[in-house]
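input.csv follows; it contains CSV, C-alpha atoms.
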chain,number,residue,atom,x,y,z
A,1,MET,CA,112.7,62.6,100.5
A,2,SER,CA,113.0,61.1,97.0
A,3,LYS,CA,110.8,62.2,94.1
A,4,THR,CA,109.2,58.7,94.0
A,5,THR,CA,108.3,58.9,97.7
A,6,ARG,CA,107.0,62.5,97.4
A,7,LYS,CA,104.9,61.6,94.3
A,8,LYS,CA,103.5,58.6,96.2
A,9,LYS,CA,102.6,60.8,99.2
A,10,LYS,CA,100.9,63.3,96.9
A,11,LEU,CA,98.7,60.6,95.4
A,12,GLU,CA,97.5,59.0,98.6
A,13,LYS,CA,94.0,59.6,99.8
A,14,ILE,CA,93.8,61.4,103.1
A,15,ARG,CA,90.5,61.5,104.9
A,16,VAL,CA,89.4,64.6,106.8
A,17,GLU,CA,86.4,65.9,108.7
A,18,ILE,CA,85.5,69.5,109.3
A,19,ILE,CA,85.4,69.8,113.1
A,20,SER,CA,84.4,73.5,113.1
A,21,THR,CA,84.3,76.5,110.8
A,22,GLN,CA,83.3,79.9,112.1
A,23,PRO,CA,83.4,83.4,110.9
A,24,TYR,CA,84.4,86.2,113.2
A,25,GLY,CA,85.5,89.8,113.0
A,26,PHE,CA,83.2,90.9,110.2
A,27,TYR,CA,83.1,94.6,109.6
A,28,ILE,CA,81.7,97.0,107.0
A,29,HIS,CA,82.4,100.7,106.8
A,30,ASP,CA,79.8,103.4,106.0
A,31,LEU,CA,79.7,104.0,102.3
A,32,GLU,CA,77.4,107.1,102.3
A,33,ASP,CA,80.3,109.5,101.2
A,34,ARG,CA,81.4,107.2,98.3
A,35,GLY,CA,78.5,107.3,95.9
A,36,ASN,CA,78.3,104.3,93.6
A,37,LEU,CA,81.1,101.8,94.0
A,38,THR,CA,82.0,99.4,91.3
A,39,LYS,CA,84.2,96.2,91.3
A,40,ASP,CA,86.8,98.2,89.4
A,41,ASP,CA,87.2,100.5,92.4
A,42,VAL,CA,88.2,97.8,94.8
A,43,GLU,CA,90.9,95.2,95.4
A,44,PHE,CA,91.0,92.3,97.8
A,45,GLY,CA,93.6,91.0,100.2
A,46,LEU,CA,93.8,87.5,101.7
A,47,ILE,CA,95.9,86.3,104.6
A,48,MET,CA,96.2,82.6,105.3
A,49,LYS,CA,97.6,81.0,108.4
A,50,ILE,CA,98.0,77.2,108.6
A,51,GLY,CA,98.7,75.4,111.9
A,52,HIS,CA,98.6,71.8,113.1
A,53,ASN,CA,98.5,69.7,116.2
A,54,ILE,CA,100.1,66.3,115.8
A,55,GLU,CA,98.7,65.0,119.1
A,56,GLU,CA,95.1,66.0,118.3
A,57,GLN,CA,95.6,65.1,114.6
A,58,VAL,CA,94.1,68.4,113.4
A,59,VAL,CA,95.0,71.1,110.9
A,60,LYS,CA,93.7,74.6,111.5
A,61,ILE,CA,93.4,77.2,108.8
A,62,ASP,CA,92.7,80.9,109.6
A,63,LEU,CA,91.7,83.2,106.8
A,64,GLU,CA,91.4,87.0,106.8
A,65,SER,CA,89.9,88.7,103.8
A,66,ASP,CA,89.6,92.5,103.4
A,67,CYS,CA,88.3,94.6,100.6
A,68,TYR,CA,90.0,98.0,100.0
A,69,TYR,CA,89.5,101.0,97.8
A,70,LYS,CA,92.1,101.0,95.0
A,71,THR,CA,94.6,103.7,95.5
A,72,GLU,CA,97.8,104.9,93.9
A,73,ASN,CA,99.5,104.8,97.3
A,74,SER,CA,99.9,101.1,98.2
A,75,LYS,CA,101.2,102.0,101.7
A,76,LYS,CA,97.8,103.3,103.0
A,77,LYS,CA,94.8,101.2,102.0
A,78,GLU,CA,91.3,102.3,103.1
A,79,GLU,CA,89.2,99.3,104.1
A,80,ILE,CA,85.6,98.8,102.9
A,81,PHE,CA,84.7,95.5,104.5
A,82,GLY,CA,86.4,92.3,105.7
A,83,ILE,CA,85.9,89.0,107.6
A,84,LYS,CA,88.0,86.4,109.3
A,85,SER,CA,87.3,82.7,109.6
A,86,SER,CA,88.8,79.8,111.4
A,87,THR,CA,88.4,76.1,110.2
A,88,VAL,CA,89.6,73.1,112.0
A,89,PHE,CA,90.0,69.8,110.2
A,90,LYS,CA,90.3,66.4,111.9
A,91,VAL,CA,92.7,64.4,109.8
A,92,ILE,CA,91.8,60.7,110.0
A,93,ASP,CA,95.0,59.7,108.2
A,94,PHE,CA,97.3,62.2,110.0
A,95,ASP,CA,100.3,59.8,109.8
A,96,LYS,CA,100.3,60.4,106.0
A,97,LEU,CA,101.1,64.1,106.7
A,98,LEU,CA,104.3,63.3,108.5
A,99,ASN,CA,107.7,62.7,107.1
A,100,GLU,CA,110.2,60.0,108.1
A,101,LYS,CA,111.3,62.0,111.1
A,102,GLY,CA,107.7,62.4,112.4
A,103,GLU,CA,107.5,66.1,111.3
A,104,PHE,CA,104.4,67.7,109.8
A,105,SER,CA,105.1,67.7,106.0
A,106,PRO,CA,101.9,67.5,104.0
A,107,ALA,CA,101.9,67.6,100.2
A,108,ASP,CA,101.2,71.0,98.7
A,109,ASP,CA,98.1,69.5,96.9
A,110,PHE,CA,96.6,68.5,100.3
A,111,ILE,CA,97.0,72.0,101.7
A,112,ARG,CA,95.6,73.6,98.5
A,113,LYS,CA,92.5,71.4,98.8
A,114,LEU,CA,92.0,72.5,102.4
A,115,LEU,CA,92.5,76.1,101.4
A,116,ASN,CA,90.0,75.8,98.6
A,117,ILE,CA,87.4,74.5,101.1
A,118,CYS,CA,88.1,77.4,103.5
A,119,ILE,CA,88.1,80.0,100.7
A,120,GLY,CA,84.7,78.7,99.5
A,121,GLY,CA,83.4,78.9,103.1
A,122,ILE,CA,84.6,82.5,103.6
A,123,ARG,CA,83.1,83.5,100.2
A,124,GLY,CA,79.8,82.2,101.4
A,125,MET,CA,80.1,83.9,104.8
A,126,LEU,CA,80.8,87.2,103.0
A,127,SER,CA,77.8,86.7,100.7
A,128,VAL,CA,75.5,86.3,103.7
A,129,ASN,CA,77.0,89.3,105.6
A,130,LEU,CA,76.9,91.6,102.5
A,131,SER,CA,73.3,90.7,101.5
A,132,ASN,CA,70.9,93.6,101.8
A,133,THR,CA,73.8,96.1,101.5
A,134,LYS,CA,75.2,98.1,98.5
A,135,LEU,CA,77.9,95.5,98.4
A,136,ASN,CA,75.8,92.4,97.9
A,137,ASP,CA,77.4,91.8,94.4
A,138,PHE,CA,81.0,92.1,95.6
A,139,PRO,CA,82.0,88.4,96.1
A,140,LEU,CA,85.5,87.4,97.0
A,141,PRO,CA,87.2,86.8,93.6
A,142,LEU,CA,88.3,83.4,92.5
A,143,ILE,CA,91.9,82.7,93.7
A,144,ASP,CA,94.5,80.8,91.8
A,145,LEU,CA,96.3,78.6,94.3
A,146,SER,CA,98.5,76.9,91.8
A,147,ALA,CA,101.3,79.2,92.7
A,148,PHE,CA,100.9,78.2,96.4
A,149,LYS,CA,104.1,76.7,97.9
A,150,LYS,CA,104.2,75.8,101.6
A,151,ARG,CA,106.7,77.5,103.9
A,152,ASN,CA,107.7,76.3,107.3

What's the C-alpha cells form of this structure?
Amino acid sequence: MSKTTRKKKKLEKIRVEIISTQPYGFYIHDLEDRGNLTKDDVEFGLIMKIGHNIEEQVVKIDLESDCYYKTENSKKKEEIFGIKSSTVFKVIDFDKLLNEKGEFSPADDFIRKLLNICIGGIRGMLSVNLSNTKLNDFPLPLIDLSAFKKRN
C-alpha cells in the first residue's frame, strides 16, 4: 500500500456503534495484612486483545487490567485487584478497514481510538468496583498509546 493510500485511509471517517461492553472477572484481595498502601507501592499491567469478524462487521476488544505490589523480583508479582472487560463495536464503514485483498487492515489511529474508548470504560468500571474500599483512589493510570503499533 502506498503512503498516499495509507494516509488517505487514515484520514477517512469510520462510523462505529458500541454493541456491548461488559466487565467480568473483577477481583480484589484482602488487604488487612498490608497496612496503608500508597500509589507508589503499586504498578499496573494491561493486556489488550483485538479481534474482528468481517462477516458480522464487528471489532472486539478485550482488556485485562491488574494492579500488583511493586517488587524487586519481576518474575513473581502479587496481585491486589484486577478486572477484565469485553467491548464489541459494530463498524458501519467496515469496508474502510479492509485492504485491497479484502483483509482486515485498519489504520493504527482507528485502533488507538477504540482502545481509548475501552480503557476509559475499564477505568470507570474499576472506579465503581473499588468505591467503598481502601483502594477507592487507585484509578487505572493514563496510558500513552502513541507507541502502539498493530501486529497481526

Distance query 12 Å from (85.7, 71.1, 101.8) using all atoms listed in the file, result as a PyMOL selection string: chain A and resi 15-21+87-89+110-122

Per residue of stretch 70-141 of chain A within 12 Å of stretch 34-56 of chain A, record the nearest atom pair and its distance in Å to one decimal, counting all atoms listed in the file, with rows in chain order and ascending residue number, as a tab-separated table.
residue	atom	partner	partner_atom	distance
A:Lys70	CA	A:Val42	CA	5.0
A:Thr71	CA	A:Asp41	CA	8.6
A:Glu72	CA	A:Asp41	CA	11.6
A:Ser74	CA	A:Glu43	CA	11.1
A:Lys77	CA	A:Glu43	CA	9.7
A:Glu78	CA	A:Val42	CA	9.9
A:Glu79	CA	A:Val42	CA	9.5
A:Ile80	CA	A:Val42	CA	8.6
A:Phe81	CA	A:Phe44	CA	9.7
A:Gly82	CA	A:Phe44	CA	9.1
A:Ile83	CA	A:Leu46	CA	10.0
A:Lys84	CA	A:Ile47	CA	9.2
A:Ser85	CA	A:Met48	CA	9.9
A:Ser86	CA	A:Lys49	CA	9.4
A:Thr87	CA	A:Ile50	CA	9.8
A:Val88	CA	A:His52	CA	9.2
A:Phe89	CA	A:His52	CA	9.3
A:Lys90	CA	A:Glu56	CA	8.0
A:Val91	CA	A:Glu56	CA	9.0
A:Ile92	CA	A:Glu56	CA	10.4
A:Asp93	CA	A:Ile54	CA	11.3
A:Phe94	CA	A:Ile54	CA	7.6
A:Asp95	CA	A:Ile54	CA	8.8
A:Lys96	CA	A:Ile54	CA	11.4
A:Leu97	CA	A:Ile54	CA	9.4
A:Leu98	CA	A:Ile54	CA	8.9
A:Gly102	CA	A:Ile54	CA	9.2
A:Glu103	CA	A:Ile54	CA	8.7
A:Phe104	CA	A:Ile54	CA	7.5
A:Ser105	CA	A:His52	CA	10.5
A:Pro106	CA	A:His52	CA	10.6
A:Ile111	CA	A:Ile50	CA	8.7
A:Arg112	CA	A:Ile50	CA	11.0
A:Leu114	CA	A:Ile50	CA	9.8
A:Leu115	CA	A:Met48	CA	8.4
A:Asn116	CA	A:Met48	CA	11.4
A:Cys118	CA	A:Met48	CA	9.8
A:Ile119	CA	A:Leu46	CA	9.5
A:Ile122	CA	A:Leu46	CA	10.6
A:Arg123	CA	A:Leu46	CA	11.5
A:Thr133	CA	A:Leu37	CA	11.9
A:Lys134	CA	A:Leu37	CA	8.3
A:Leu135	CA	A:Leu37	CA	8.3
A:Asn136	CA	A:Lys39	CA	11.3
A:Asp137	CA	A:Lys39	CA	8.7
A:Phe138	CA	A:Lys39	CA	6.7
A:Pro139	CA	A:Lys39	CA	9.4
A:Leu140	CA	A:Phe44	CA	7.4
A:Pro141	CA	A:Phe44	CA	7.9

Nearest to A:Gln22, chosen from A:Ala107, A:Asn99, A:Ile61, A:Leu145, with all atoms listed in the file counted in the distances: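 Selected residue with least distance to A:Gln22: A:Ile61.
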
Length of the atom CA of A:Asp62 to atom CA of A:Gly25 vector [Å]: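 Separation between atom CA of A:Asp62 and atom CA of A:Gly25: 11.9 Å.
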
Interatomic distance, atom CA of A:Lys76 to atom CA of A:Leu126 (Å, one decimal): 23.4 Å

Distance of atom CA of A:Asn129 from atom CA of A:Val59, expressed in Å to one decimal place: 26.1 Å

Residue nearest A:Ile14 - candidates A:Ser127, A:Asp109, A:Asn132, A:Tyr27, atoms counted: all atoms listed in the file: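 Selected residue with least distance to A:Ile14: A:Asp109.
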